[in-house]
file input-v3.cif (mmCIF, C-alpha atoms and all ligand atoms)
data_run
#
loop_
_atom_site.label_atom_id
_atom_site.label_comp_id
_atom_site.auth_asym_id
_atom_site.auth_seq_id
_atom_site.Cartn_x
_atom_site.Cartn_y
_atom_site.Cartn_z
CA MET A 6 0.00 0.00 0.00
CA SER A 7 1.78 3.13 -1.14
CA ARG A 8 0.03 5.90 0.81
CA ILE A 9 -2.34 5.88 3.76
CA LEU A 10 -4.05 9.15 4.68
CA VAL A 11 -4.84 9.66 8.34
CA ILE A 12 -7.34 12.46 8.92
CA GLY A 13 -6.84 14.11 12.31
CA GLY A 14 -3.71 14.62 14.37
CA GLY A 15 -5.04 13.81 17.85
CA VAL A 16 -4.10 10.78 19.95
CA ALA A 17 -5.84 8.38 17.56
CA GLY A 18 -4.39 9.81 14.35
CA LEU A 19 -0.83 10.18 15.57
CA THR A 20 -0.73 6.74 17.20
CA THR A 21 -2.21 5.15 14.10
CA ALA A 22 0.48 6.81 11.97
CA ILE A 23 3.23 5.64 14.33
CA ALA A 24 1.83 2.09 14.28
CA LEU A 25 1.56 2.11 10.47
CA ARG A 26 5.22 3.07 10.21
CA HIS A 27 6.09 0.34 12.73
CA ALA A 28 4.31 -2.07 10.40
CA GLY A 29 6.39 -0.86 7.47
CA LEU A 30 3.55 1.13 5.90
CA SER A 31 3.41 4.79 4.89
CA ALA A 32 1.31 7.46 6.59
CA THR A 33 0.39 11.08 5.96
CA VAL A 34 -1.51 12.88 8.73
CA CYS A 35 -3.85 15.72 7.65
CA GLU A 36 -4.86 17.89 10.60
CA ALA A 37 -7.43 20.69 10.38
CA HIS A 38 -5.77 22.97 12.94
CA PRO A 39 -3.05 25.23 11.64
CA THR A 40 -0.68 24.23 14.47
CA GLY A 41 -0.15 21.34 16.89
CA ALA A 42 -1.84 20.65 20.19
CA ASP A 43 -2.90 23.20 22.80
CA GLY A 44 -5.27 21.91 25.50
CA ARG A 45 -4.45 24.39 28.26
CA GLY A 46 -4.97 22.96 31.72
CA ALA A 47 -6.18 19.65 30.31
CA PHE A 48 -4.75 16.32 31.38
CA LEU A 49 -5.53 12.67 30.88
CA THR A 50 -4.68 9.27 32.22
CA ILE A 51 -3.34 6.47 30.05
CA MET A 52 -4.55 3.20 31.49
CA ALA A 53 -2.62 -0.10 31.61
CA ASN A 54 -4.20 -1.31 28.35
CA GLY A 55 -3.23 1.91 26.55
CA ARG A 56 0.34 1.50 27.76
CA ASP A 57 0.32 -2.09 26.54
CA ALA A 58 -0.76 -0.96 23.07
CA LEU A 59 1.98 1.71 22.94
CA ARG A 60 4.53 -0.89 24.04
CA ALA A 61 3.54 -3.04 21.05
CA VAL A 62 4.89 -0.32 18.73
CA ASP A 63 7.88 0.70 20.91
CA ALA A 64 6.25 3.98 21.90
CA GLU A 65 5.47 3.51 25.59
CA HIS A 66 8.49 5.62 26.61
CA LEU A 67 6.71 8.67 25.17
CA VAL A 68 4.23 8.42 28.03
CA LEU A 69 6.60 7.21 30.75
CA GLU A 70 9.01 10.13 30.26
CA ARG A 71 6.27 12.76 30.69
CA SER A 72 3.85 11.31 33.23
CA PHE A 73 3.59 10.01 36.75
CA ALA A 74 2.00 6.90 38.19
CA SER A 75 -1.60 7.12 39.40
CA ARG A 76 -2.42 4.26 41.71
CA GLN A 77 -5.66 4.99 43.52
CA VAL A 78 -8.81 7.09 43.74
CA ARG A 79 -9.70 8.56 47.13
CA MET A 80 -13.47 9.09 47.18
CA ARG A 81 -14.70 11.83 49.50
CA ASP A 82 -18.00 13.47 50.33
CA SER A 83 -19.11 17.11 50.43
CA HIS A 84 -17.73 17.44 54.01
CA ASP A 85 -14.32 16.14 52.94
CA ARG A 86 -14.93 12.82 54.72
CA GLY A 87 -13.47 9.67 53.22
CA LEU A 88 -15.89 7.32 51.46
CA GLY A 89 -13.24 4.79 50.52
CA VAL A 90 -10.13 4.24 48.46
CA LEU A 91 -10.20 2.40 45.16
CA THR A 92 -7.00 1.00 43.69
CA ILE A 93 -6.92 1.49 39.91
CA PRO A 94 -6.67 -1.93 38.26
CA THR A 95 -3.36 -2.87 36.68
CA PRO A 96 -1.65 -6.10 35.54
CA ASP A 97 1.21 -5.30 37.94
CA PRO A 98 2.45 -2.23 39.86
CA ASP A 99 4.97 -1.24 37.17
CA HIS A 100 2.44 -1.19 34.37
CA GLY A 101 -0.37 0.83 35.92
CA PRO A 102 -2.04 4.07 34.82
CA ARG A 103 -0.03 7.23 34.15
CA THR A 104 -1.31 10.81 34.23
CA MET A 105 0.04 13.56 32.01
CA ARG A 106 -0.76 16.83 30.33
CA ARG A 107 -2.73 16.33 27.16
CA ALA A 108 -0.53 18.76 25.22
CA ASP A 109 2.63 16.87 26.28
CA LEU A 110 1.17 13.64 24.90
CA TYR A 111 0.21 15.25 21.57
CA ARG A 112 3.60 16.87 21.20
CA ALA A 113 5.50 13.66 22.01
CA LEU A 114 3.40 11.59 19.60
CA ALA A 115 3.77 14.17 16.83
CA ASP A 116 7.56 14.39 17.25
CA GLU A 117 7.83 10.60 17.28
CA ALA A 118 5.63 10.27 14.20
CA VAL A 119 7.84 12.70 12.28
CA ARG A 120 10.97 10.91 13.51
CA ARG A 121 9.58 7.69 12.06
CA GLY A 122 8.91 9.24 8.67
CA VAL A 123 5.28 10.32 8.95
CA GLU A 124 4.33 13.46 7.02
CA ILE A 125 2.11 15.79 9.05
CA GLU A 126 0.21 18.47 7.15
CA HIS A 127 -1.52 21.16 9.21
CA GLY A 128 -4.38 23.38 8.06
CA LYS A 129 -5.99 20.52 6.10
CA ARG A 130 -9.69 20.15 6.96
CA LEU A 131 -11.29 17.18 5.21
CA VAL A 132 -14.59 18.05 3.54
CA GLY A 133 -15.11 15.22 1.04
CA ALA A 134 -13.67 12.04 -0.47
CA ARG A 135 -14.02 10.09 -3.70
CA HIS A 136 -13.39 6.37 -4.08
CA HIS A 137 -11.98 5.08 -7.37
CA GLY A 138 -10.04 1.99 -6.38
CA GLY A 139 -7.90 4.39 -4.36
CA VAL A 140 -9.33 7.35 -2.50
CA THR A 141 -8.95 11.09 -3.02
CA ALA A 142 -9.44 13.35 -0.02
CA PHE A 143 -10.74 16.89 -0.58
CA PHE A 144 -9.85 19.68 1.83
CA ALA A 145 -11.52 22.95 2.70
CA GLU A 146 -8.93 25.19 1.11
CA ASP A 147 -9.53 23.51 -2.25
CA SER A 148 -6.63 21.08 -2.21
CA ARG A 149 -6.73 17.30 -2.59
CA ILE A 150 -4.49 14.36 -1.75
CA GLY A 151 -4.74 10.85 -3.15
CA GLY A 152 -4.04 7.62 -1.29
CA ASP A 153 -4.89 3.92 -1.09
CA LEU A 154 -6.81 4.15 2.17
CA LEU A 155 -8.24 6.97 4.29
CA ILE A 156 -8.37 6.52 8.06
CA GLY A 157 -10.71 8.94 9.83
CA ALA A 158 -9.21 9.92 13.19
CA ASP A 159 -11.15 13.16 13.17
CA GLY A 160 -12.74 12.95 16.59
CA VAL A 161 -16.26 13.25 18.00
CA ARG A 162 -17.60 15.36 15.11
CA SER A 163 -16.00 13.15 12.47
CA THR A 164 -16.50 14.14 8.83
CA THR A 165 -15.17 10.74 7.74
CA ARG A 166 -17.93 8.97 9.68
CA SER A 167 -20.56 10.81 7.62
CA LEU A 168 -18.66 10.20 4.38
CA ILE A 169 -18.64 6.47 5.10
CA ASP A 170 -22.32 6.49 6.01
CA PRO A 171 -24.41 9.66 5.69
CA LYS A 172 -26.91 8.08 8.10
CA ALA A 173 -24.29 7.32 10.76
CA PRO A 174 -25.48 8.21 14.27
CA GLN A 175 -24.28 11.48 15.71
CA PRO A 176 -22.73 11.65 19.19
CA GLU A 177 -25.26 12.42 21.88
CA TYR A 178 -24.62 15.25 24.30
CA THR A 179 -24.66 13.83 27.86
CA GLY A 180 -25.96 16.97 29.56
CA TRP A 181 -22.66 18.00 31.14
CA HIS A 182 -19.37 19.70 30.45
CA SER A 183 -16.09 18.84 32.05
CA VAL A 184 -14.26 21.97 33.19
CA MET A 185 -10.54 21.40 33.72
CA GLY A 186 -7.66 23.45 35.02
CA ALA A 187 -4.11 23.46 36.32
CA VAL A 188 -2.61 25.47 39.16
CA ARG A 189 0.69 25.38 40.99
CA ASP A 190 1.16 25.13 44.78
CA ALA A 191 -2.55 25.31 45.63
CA LEU A 192 -2.76 21.93 47.38
CA PRO A 193 -0.23 19.69 49.18
CA ALA A 194 1.89 17.57 46.83
CA ASP A 195 2.57 14.74 49.26
CA ASP A 196 0.13 12.24 47.77
CA TYR A 197 0.76 12.51 44.06
CA ASP A 198 -0.20 8.99 43.11
CA SER A 199 -3.79 9.55 44.31
CA TYR A 200 -6.75 10.99 42.48
CA TYR A 201 -9.18 12.79 44.77
CA MET A 202 -12.78 12.41 43.67
CA TYR A 203 -15.40 14.47 45.51
CA PHE A 204 -19.12 13.80 45.60
CA GLY A 205 -20.46 17.27 46.38
CA ARG A 206 -24.07 17.98 47.18
CA ARG A 207 -24.88 19.03 43.62
CA ALA A 208 -22.04 17.74 41.44
CA THR A 209 -18.74 15.86 41.31
CA CYS A 210 -15.20 17.12 40.89
CA GLY A 211 -11.69 15.92 41.58
CA HIS A 212 -7.99 16.55 41.30
CA ILE A 213 -4.54 15.04 41.27
CA THR A 214 -1.34 16.82 42.24
CA ALA A 215 1.76 16.10 40.17
CA PRO A 216 5.16 15.58 41.87
CA ASP A 217 6.22 19.09 40.78
CA GLY A 218 3.38 20.67 42.79
CA GLU A 219 0.98 21.38 39.95
CA THR A 220 -2.61 20.37 40.70
CA TRP A 221 -4.77 19.25 37.77
CA TRP A 222 -8.47 19.39 38.47
CA PHE A 223 -11.79 18.72 36.78
CA ALA A 224 -15.40 19.47 37.65
CA ASN A 225 -18.52 18.05 36.04
CA LEU A 226 -20.88 20.90 35.27
CA PRO A 227 -24.47 20.04 34.27
CA CYS A 228 -25.59 22.50 31.55
CA GLY A 229 -27.01 22.82 28.04
CA GLU A 230 -24.84 21.83 25.09
CA GLN A 231 -24.26 25.42 23.93
CA GLU A 232 -24.57 27.08 27.33
CA LEU A 233 -20.83 27.51 27.86
CA ALA A 234 -19.97 28.53 24.30
CA GLY A 235 -17.70 31.52 24.64
CA ALA A 236 -17.85 31.49 28.48
CA SER A 237 -14.88 33.35 29.95
CA PRO A 238 -12.68 31.75 32.64
CA THR A 239 -14.27 34.16 35.15
CA GLU A 240 -17.72 32.89 34.17
CA LEU A 241 -16.58 29.26 34.44
CA ARG A 242 -15.10 29.89 37.90
CA ARG A 243 -18.32 31.63 38.99
CA ARG A 244 -20.48 28.72 37.76
CA LEU A 245 -18.30 26.25 39.63
CA GLY A 246 -18.33 28.45 42.74
CA ASP A 247 -22.16 28.34 42.72
CA LEU A 248 -22.19 24.60 42.05
CA PHE A 249 -19.99 23.76 45.01
CA ALA A 250 -21.15 26.55 47.36
CA GLY A 251 -21.38 25.23 50.90
CA ASP A 252 -19.36 22.08 50.13
CA ARG A 253 -16.04 21.55 51.89
CA ILE A 254 -14.06 20.22 48.99
CA GLY A 255 -10.29 20.41 48.46
CA THR A 256 -10.62 20.75 44.69
CA VAL A 257 -12.52 24.02 45.11
CA ARG A 258 -9.42 25.66 46.61
CA ALA A 259 -7.53 24.73 43.46
CA ILE A 260 -10.33 25.99 41.20
CA ARG A 261 -10.37 29.38 42.94
CA ALA A 262 -6.58 29.75 42.62
CA THR A 263 -6.39 28.86 38.92
CA GLY A 264 -5.34 31.56 36.44
CA ASP A 265 -7.50 32.44 33.46
CA ASP A 266 -5.08 30.97 30.95
CA GLN A 267 -5.28 27.55 32.60
CA ILE A 268 -9.02 26.88 32.56
CA THR A 269 -10.76 25.01 29.77
CA ALA A 270 -14.16 23.38 29.28
CA ALA A 271 -15.18 20.41 27.11
CA ALA A 272 -18.66 19.15 26.30
CA CYS A 273 -19.06 15.44 27.06
CA TYR A 274 -20.66 13.14 24.49
CA GLN A 275 -21.47 9.49 24.07
CA LEU A 276 -21.42 7.46 20.88
CA PRO A 277 -22.18 3.85 21.74
CA THR A 278 -22.21 2.29 18.28
CA VAL A 279 -21.44 3.06 14.64
CA PRO A 280 -23.14 0.53 12.34
CA THR A 281 -20.77 0.92 9.34
CA TRP A 282 -17.10 1.05 10.24
CA SER A 283 -15.59 0.94 6.76
CA ARG A 284 -16.65 1.67 3.18
CA ALA A 285 -15.21 2.93 -0.08
CA GLY A 286 -11.57 2.88 1.01
CA MET A 287 -12.27 4.58 4.34
CA THR A 288 -12.36 3.48 7.96
CA LEU A 289 -12.38 5.01 11.45
CA VAL A 290 -10.38 5.04 14.71
CA GLY A 291 -10.73 6.72 18.11
CA ASP A 292 -13.52 9.12 19.02
CA ALA A 293 -14.69 9.13 15.41
CA LEU A 294 -15.80 5.55 16.05
CA HIS A 295 -16.76 5.38 19.74
CA VAL A 296 -17.10 7.97 22.49
CA ALA A 297 -17.19 6.85 26.10
CA SER A 298 -17.85 8.99 29.15
CA PRO A 299 -14.66 10.54 30.58
CA SER A 300 -15.50 8.55 33.74
CA THR A 301 -14.10 5.47 31.98
CA THR A 302 -10.72 7.26 31.49
CA GLN A 303 -10.44 5.04 28.42
CA GLY A 304 -10.92 7.31 25.38
CA ALA A 305 -7.23 7.82 24.63
CA SER A 306 -6.26 4.27 25.57
CA MET A 307 -8.96 2.85 23.28
CA ALA A 308 -7.87 5.18 20.49
CA ILE A 309 -4.32 3.86 20.85
CA GLU A 310 -5.54 0.25 20.80
CA ASP A 311 -7.56 0.99 17.63
CA GLY A 312 -4.60 2.42 15.75
CA VAL A 313 -2.22 -0.39 16.71
CA THR A 314 -4.75 -3.13 15.88
CA LEU A 315 -5.63 -1.55 12.54
CA ALA A 316 -1.96 -1.30 11.58
CA MET A 317 -1.47 -5.00 12.39
CA CYS A 318 -4.45 -5.96 10.23
CA LEU A 319 -3.16 -3.90 7.28
CA ARG A 320 0.32 -5.39 7.76
CA ASP A 321 -0.85 -9.01 7.81
CA ILE A 322 -3.78 -9.13 5.39
CA PRO A 323 -2.92 -7.96 1.86
CA ASP A 324 -6.52 -7.41 0.75
CA THR A 325 -7.58 -4.07 2.27
CA THR A 326 -11.30 -4.91 2.50
CA ALA A 327 -10.48 -8.16 4.30
CA ALA A 328 -8.06 -6.34 6.59
CA LEU A 329 -10.76 -3.83 7.55
CA HIS A 330 -13.18 -6.68 8.28
CA ALA A 331 -10.59 -8.27 10.56
CA TYR A 332 -10.08 -4.91 12.30
CA GLU A 333 -13.80 -4.61 13.01
CA ARG A 334 -14.00 -8.23 14.17
CA LEU A 335 -11.15 -7.64 16.64
CA ARG A 336 -12.43 -4.30 17.96
CA ARG A 337 -16.19 -3.84 17.77
CA GLU A 338 -17.33 -5.82 20.81
CA ARG A 339 -14.61 -4.38 23.02
CA VAL A 340 -15.10 -0.70 22.20
CA GLU A 341 -18.90 -0.90 22.51
CA ARG A 342 -18.54 -2.61 25.88
CA VAL A 343 -16.28 0.18 27.13
CA VAL A 344 -18.87 2.83 26.24
CA ARG A 345 -21.49 0.84 28.17
CA THR A 346 -19.35 0.87 31.34
CA GLY A 347 -19.25 4.71 31.60
CA PHE A 348 -21.44 6.71 33.93
CA ARG A 349 -23.85 8.52 31.69
CA ARG A 350 -24.42 11.33 34.16
CA PRO A 351 -21.84 11.81 36.88
CA GLY A 352 -24.38 12.80 39.53
CA PRO A 353 -23.49 13.81 43.05
CA ARG A 354 -24.37 10.41 44.54
CA LEU A 355 -21.78 7.68 44.76
CA PRO A 356 -22.97 5.14 42.14
CA GLY A 357 -24.35 1.88 43.59
CA PRO A 358 -21.73 -0.49 42.11
CA LEU A 359 -18.96 1.74 43.42
CA ARG A 360 -20.55 1.94 46.85
CA ARG A 361 -20.75 -1.87 47.01
CA LEU A 362 -17.14 -2.19 45.87
CA LEU A 363 -15.85 0.29 48.47
CA ARG A 364 -17.76 -1.43 51.28
CA ASP A 365 -15.13 -4.18 51.38
CA ARG A 366 -11.78 -2.43 51.81
CA ALA A 367 -9.76 -5.50 50.89
CA VAL A 368 -11.63 -5.84 47.61
CA ALA A 369 -11.31 -2.11 46.83
CA ARG A 370 -7.53 -2.37 47.34
CA ARG A 371 -7.09 -5.22 44.87
CA THR A 372 -5.26 -4.40 41.66
CA ARG A 373 -7.26 -7.04 39.82
CA HIS A 374 -11.03 -7.22 39.60
CA PRO A 375 -12.77 -10.07 37.76
CA ASP A 376 -15.35 -7.55 36.46
CA THR A 377 -12.83 -5.23 34.83
CA ASP A 378 -9.80 -7.39 34.02
CA TRP A 379 -11.13 -7.74 30.44
CA LEU A 380 -10.61 -4.00 30.09
CA HIS A 381 -7.31 -3.27 31.79
CA LEU A 382 -5.43 -6.51 31.16
CA HIS A 383 -6.01 -6.47 27.39
CA HIS A 384 -2.81 -7.38 25.56
CA ILE A 385 -1.87 -6.75 21.94
CA ASP A 386 0.56 -9.34 20.61
CA TRP A 387 2.32 -7.38 17.86
CA GLY A 388 4.42 -10.35 16.82
CA GLY A 389 1.49 -12.74 16.85
CA GLY A 390 -0.03 -12.00 13.46
CA VAL A 391 -3.65 -11.43 12.45
CA SER A 392 -5.57 -13.89 10.32
CA LEU A 393 -8.87 -13.63 8.49
C1 LIG B 401 -13.10 16.12 29.75
C2 LIG B 401 -12.51 14.90 29.17
C3 LIG B 401 -11.58 14.16 29.90
C4 LIG B 401 -11.02 13.02 29.36
N1 LIG B 401 -10.13 12.31 30.09
C5 LIG B 401 -9.58 11.20 29.56
C6 LIG B 401 -8.62 10.42 30.30
O1 LIG B 401 -8.25 10.72 31.44
N2 LIG B 401 -8.11 9.32 29.72
C7 LIG B 401 -8.48 8.95 28.44
O2 LIG B 401 -8.00 7.93 27.95
N3 LIG B 401 -9.37 9.65 27.74
C8 LIG B 401 -9.93 10.77 28.25
N4 LIG B 401 -10.81 11.48 27.53
C9 LIG B 401 -11.12 11.05 26.17
C10 LIG B 401 -9.98 11.34 25.21
O3 LIG B 401 -9.56 12.67 25.34
C11 LIG B 401 -10.43 11.09 23.78
O4 LIG B 401 -11.07 9.85 23.70
C12 LIG B 401 -9.23 11.08 22.86
O5 LIG B 401 -8.55 12.31 22.91
C13 LIG B 401 -9.69 10.80 21.45
O6 LIG B 401 -8.67 11.06 20.54
P1 LIG B 401 -8.99 11.25 19.02
O7 LIG B 401 -7.67 11.42 18.37
O8 LIG B 401 -9.90 10.18 18.54
O9 LIG B 401 -9.83 12.60 18.92
P2 LIG B 401 -9.33 14.09 19.13
O10 LIG B 401 -8.34 14.18 20.21
O11 LIG B 401 -10.57 14.91 19.23
O12 LIG B 401 -8.58 14.44 17.78
C14 LIG B 401 -9.25 14.63 16.57
C15 LIG B 401 -8.39 15.50 15.68
O13 LIG B 401 -8.98 15.56 14.39
C16 LIG B 401 -8.94 16.90 13.93
N5 LIG B 401 -10.05 17.06 12.97
C17 LIG B 401 -11.38 17.12 13.23
N6 LIG B 401 -12.08 17.23 12.09
C18 LIG B 401 -11.17 17.23 11.08
C19 LIG B 401 -11.29 17.31 9.66
N7 LIG B 401 -12.49 17.41 9.04
N8 LIG B 401 -10.15 17.28 8.92
C20 LIG B 401 -8.93 17.18 9.50
N9 LIG B 401 -8.78 17.09 10.86
C21 LIG B 401 -9.88 17.11 11.63
C22 LIG B 401 -9.11 17.75 15.19
O14 LIG B 401 -8.62 19.04 15.00
C23 LIG B 401 -8.29 16.93 16.20
O15 LIG B 401 -6.95 17.32 16.23
C24 LIG B 401 -11.40 12.61 28.06
C25 LIG B 401 -12.32 13.35 27.31
C26 LIG B 401 -12.88 14.49 27.87
C27 LIG B 401 -13.92 15.26 27.07
#

call {"tool": "encode", "arguments": {"input": "input-v3.cif", "output": "structure tokens"}}
result
Amino acid sequence: MSRILVIGGGVAGLTTAIALRHAGLSATVCEAHPTGADGRGAFLTIMANGRDALRAVDAEHLVLERSFASRQVRMRDSHDRGLGVLTIPTPDPDHGPRTMRRADLYRALADEAVRRGVEIEHGKRLVGARHHGGVTAFFAEDSRIGGDLLIGADGVRSTTRSLIDPKAPQPEYTGWHSVMGAVRDALPADDYDSYYMYFGRRATCGHITAPDGETWWFANLPCGEQELAGASPTELRRRLGDLFAGDRIGTVRAIRATGDDQITAAACYQLPTVPTWSRAGMTLVGDALHVASPSTTQGASMAIEDGVTLAMCLRDIPDTTAALHAYERLRRERVERVVRTGFRRPGPRLPGPLRRLLRDRAVARRTRHPDTDWLHLHHIDWGGGVSL
């Protein structure tokens, strides 16, 4: 296959390109934004299964060098009283979740992709595609690029998804935004491998403090889909102040101390299933294909798994249509199951299953849970080969 076009330069697109190069295939990434990542104040956690997928293509170091280990979640109530501690599942202590700045991950993946020979073109917004044995991608500024396959890694509002199937379902707004921020020296940094998750009287929020003293926080704000469009940092801080008024929550101290340039808000969506994954020389990876609640902390890890699995299929199965069938066979059940595990609405009450889990401290401290091992202990055997 002489040229594979990857549309979108987020986690999914960049990892797919890296994996394609690892498989000996070519990749050109076309990203709509004129520059690389920003994502002020935003962070994410790469789970054990995401790390495993990066390891398969010799890229795990990109995360390890820029992140720190996150081992547990300390659940607390609106009076700052402990509700329990949940150990985050991991195959073993050295391969557990890692938390990092989103922008650091994008930058590291982009640099690594270029180092491995990937072309990255910025300012290229896909608007159409034509299939003619190969595929030609059309971009907003009236340019076009031809290739043998087009991989849509263009996120929640994927254009590729609609080009593959104009009737494809659209992501559903969940009714809440996640507001995120970063602030230095606002909270003690003596417990940096713990997430703090607060169940306030009206909403949930949480934080983690990095070893260098920077606290990264999030708060789940119930609101209309467009309600925060254009909201200033001052407005976001005011809304959160009202939401947590009267609660005694550590995260709120961090929110109050955060500078304007370090607050950001993201609408949260769900996309449980996409009926048609591939058609006319096009396929999908990452949020373009499945969107889980941030409560799963799996979006980036799943995107990485998608890209690595797709690259293996294209490496091992010469017929592209057959390779894309194999990709769907290997991925569909797993990604749809992940979306089902997310909390649809992160309400202020501790969810029942979590409450039951926390009741038994010994169980909550286990690094393995029969109910979730399928998710976190997933292993991609890069050398193993994919068959039809
Ligand atoms: C608040 C919040 C917290 C989260 N926390 C976590 C977490 O802790 N752990 C985790 O694993 N996941 C988390 N996620 C989910 C995770 O961020 C996403 O699943 C992941 O970033 C998806 O990557 P992606 O590359 O598919 O999409 P994106 O990161 O959205 O990238 C898509 C890219 O495509 C580009 N693009 C879009 N349209 C076009 C077009 N027409 N042409 C060209 N380019 C285009 C965009 O500019 C963008 O760069 C969180 C999500 C949210 C909202």

call {"tool": "residues_near_ligand", "arguments": {"input": "input-v3.cif", "ligand": "ligand LIG 401 (chain B)", "cutoff": "6 Å", "atoms": "only C-alpha atoms and all ligand atoms", "output": "PyMOL selection string"}}
result
chain A and resi 12-18+35-38+49-51+129-132+158-160+163-164+183+271+273+291-293+299+302-306+308

call {"tool": "residues_around", "arguments": {"input": "input-v3.cif", "residues": "range 67-71 of chain A", "least_positions_apart": "5", "cutoff": "12 Å", "atoms": "all atoms listed in the file", "output": "PyMOL selection string"}}
result
chain A and resi 16+20+23+48-53+55-60+62+99-118+215-217+305-306

call {"tool": "residues_around", "arguments": {"input": "input-v3.cif", "residues": "Gln231 in chain A", "least_positions_apart": "5", "cutoff": "12 Å", "atoms": "all atoms listed in the file", "output": "JSON, numbers by chain"}}
result
{"A": [178, 180, 181, 182, 236, 270, 271, 272, 273]}

call {"tool": "closest_residue", "arguments": {"input": "input-v3.cif", "among": "A:Ile156, A:Asp85, A:Ser7, A:Val119", "to": "Ala285 in chain A", "atoms": "all atoms listed in the file"}}
result
A:Ile156

call {"tool": "closest_residue", "arguments": {"input": "input-v3.cif", "among": "A:His374, A:Ala47, A:Ala316, A:Leu10", "to": "Trp222 in chain A", "atoms": "all atoms listed in the file"}}
result
A:Ala47

call {"tool": "atom_distance", "arguments": {"input": "input-v3.cif", "atom1": "CA of Thr209 in chain A", "atom2": "CA of Pro356 in chain A"}}
result
11.6 Å

call {"tool": "closest_residue", "arguments": {"input": "input-v3.cif", "among": "A:Val340, A:Ala22, A:Leu315, A:Ala369", "to": "Ile125 in chain A", "atoms": "only C-alpha atoms"}}
result
A:Ala22

call {"tool": "closest_residue", "arguments": {"input": "input-v3.cif", "among": "A:Val188, A:Arg207, A:Trp282, A:Glu333", "to": "Pro174 in chain A", "atoms": "all atoms listed in the file"}}
result
A:Trp282

call {"tool": "residues_around", "arguments": {"input": "input-v3.cif", "residues": "Arg345 in chain A", "least_positions_apart": "5", "cutoff": "9 Å", "atoms": "all atoms listed in the file", "output": "ChimeraX atom specification"}}
result
/A:277,297-298,340

call {"tool": "write_last_selection", "arguments": {"input": "input-v3.cif", "atoms": "C-alpha atoms", "output": "PDB file, in the frame of the given file"}}
result
ATOM      1  CA  PRO A 277     -22.180   3.850  21.740  1.00  0.00           C
ATOM      2  CA  ALA A 297     -17.190   6.850  26.100  1.00  0.00           C
ATOM      3  CA  SER A 298     -17.850   8.990  29.150  1.00  0.00           C
ATOM      4  CA  VAL A 340     -15.100  -0.700  22.200  1.00  0.00           C
TER       5      VAL A 340
END

call {"tool": "atom_distance", "arguments": {"input": "input-v3.cif", "atom1": "CA of Leu276 in chain A", "atom2": "CA of Leu168 in chain A"}}
result
17.0 Å

call {"tool": "residues_around", "arguments": {"input": "input-v3.cif", "residues": "Arg354 in chain A", "least_positions_apart": "3", "cutoff": "10 Å", "atoms": "only C-alpha atoms", "output": "PyMOL selection string"}}
result
chain A and resi 82+203-209+351+357+360

call {"tool": "closest_residue", "arguments": {"input": "input-v3.cif", "among": "A:Ile213, A:Leu226, A:Val313, A:Val34", "to": "Ile385 in chain A", "atoms": "all atoms listed in the file"}}
result
A:Val313

call {"tool": "atom_distance", "arguments": {"input": "input-v3.cif", "atom1": "CA of Pro375 in chain A", "atom2": "CA of Glu338 in chain A"}}
result
18.1 Å

call {"tool": "closest_residue", "arguments": {"input": "input-v3.cif", "among": "A:Arg284, A:His212, A:Arg243, A:Arg76", "to": "Thr325 in chain A", "atoms": "all atoms listed in the file"}}
result
A:Arg284

call {"tool": "decode", "arguments": {"input": "input-v3.cif", "residues": "range 218-224 of chain A", "atoms": "N, CA, C and O atoms", "output": "tab-separated table (two decimals), in the first residue's frame"}}
result
chain	number	residue	atom	x	y	z
A	218	GLY	N	4.22	19.73	42.04
A	218	GLY	CA	3.38	20.67	42.79
A	218	GLY	C	2.21	21.24	41.99
A	218	GLY	O	1.42	22.01	42.53
A	219	GLU	N	2.10	20.86	40.73
A	219	GLU	CA	0.98	21.38	39.95
A	219	GLU	C	-0.25	20.49	40.16
A	219	GLU	O	-0.16	19.26	40.03
A	220	THR	N	-1.36	21.12	40.52
A	220	THR	CA	-2.61	20.37	40.70
A	220	THR	C	-3.44	20.46	39.43
A	220	THR	O	-3.63	21.54	38.89
A	221	TRP	N	-3.90	19.32	38.95
A	221	TRP	CA	-4.77	19.25	37.77
A	221	TRP	C	-6.15	18.86	38.27
A	221	TRP	O	-6.31	17.85	38.97
A	222	TRP	N	-7.14	19.64	37.94
A	222	TRP	CA	-8.47	19.39	38.47
A	222	TRP	C	-9.53	19.32	37.37
A	222	TRP	O	-9.30	19.81	36.26
A	223	PHE	N	-10.64	18.71	37.70
A	223	PHE	CA	-11.79	18.72	36.78
A	223	PHE	C	-13.05	18.88	37.61
A	223	PHE	O	-13.07	18.58	38.82
A	224	ALA	N	-14.09	19.39	36.99
A	224	ALA	CA	-15.40	19.47	37.65
A	224	ALA	C	-16.47	19.20	36.61
A	224	ALA	O	-16.37	19.68	35.48
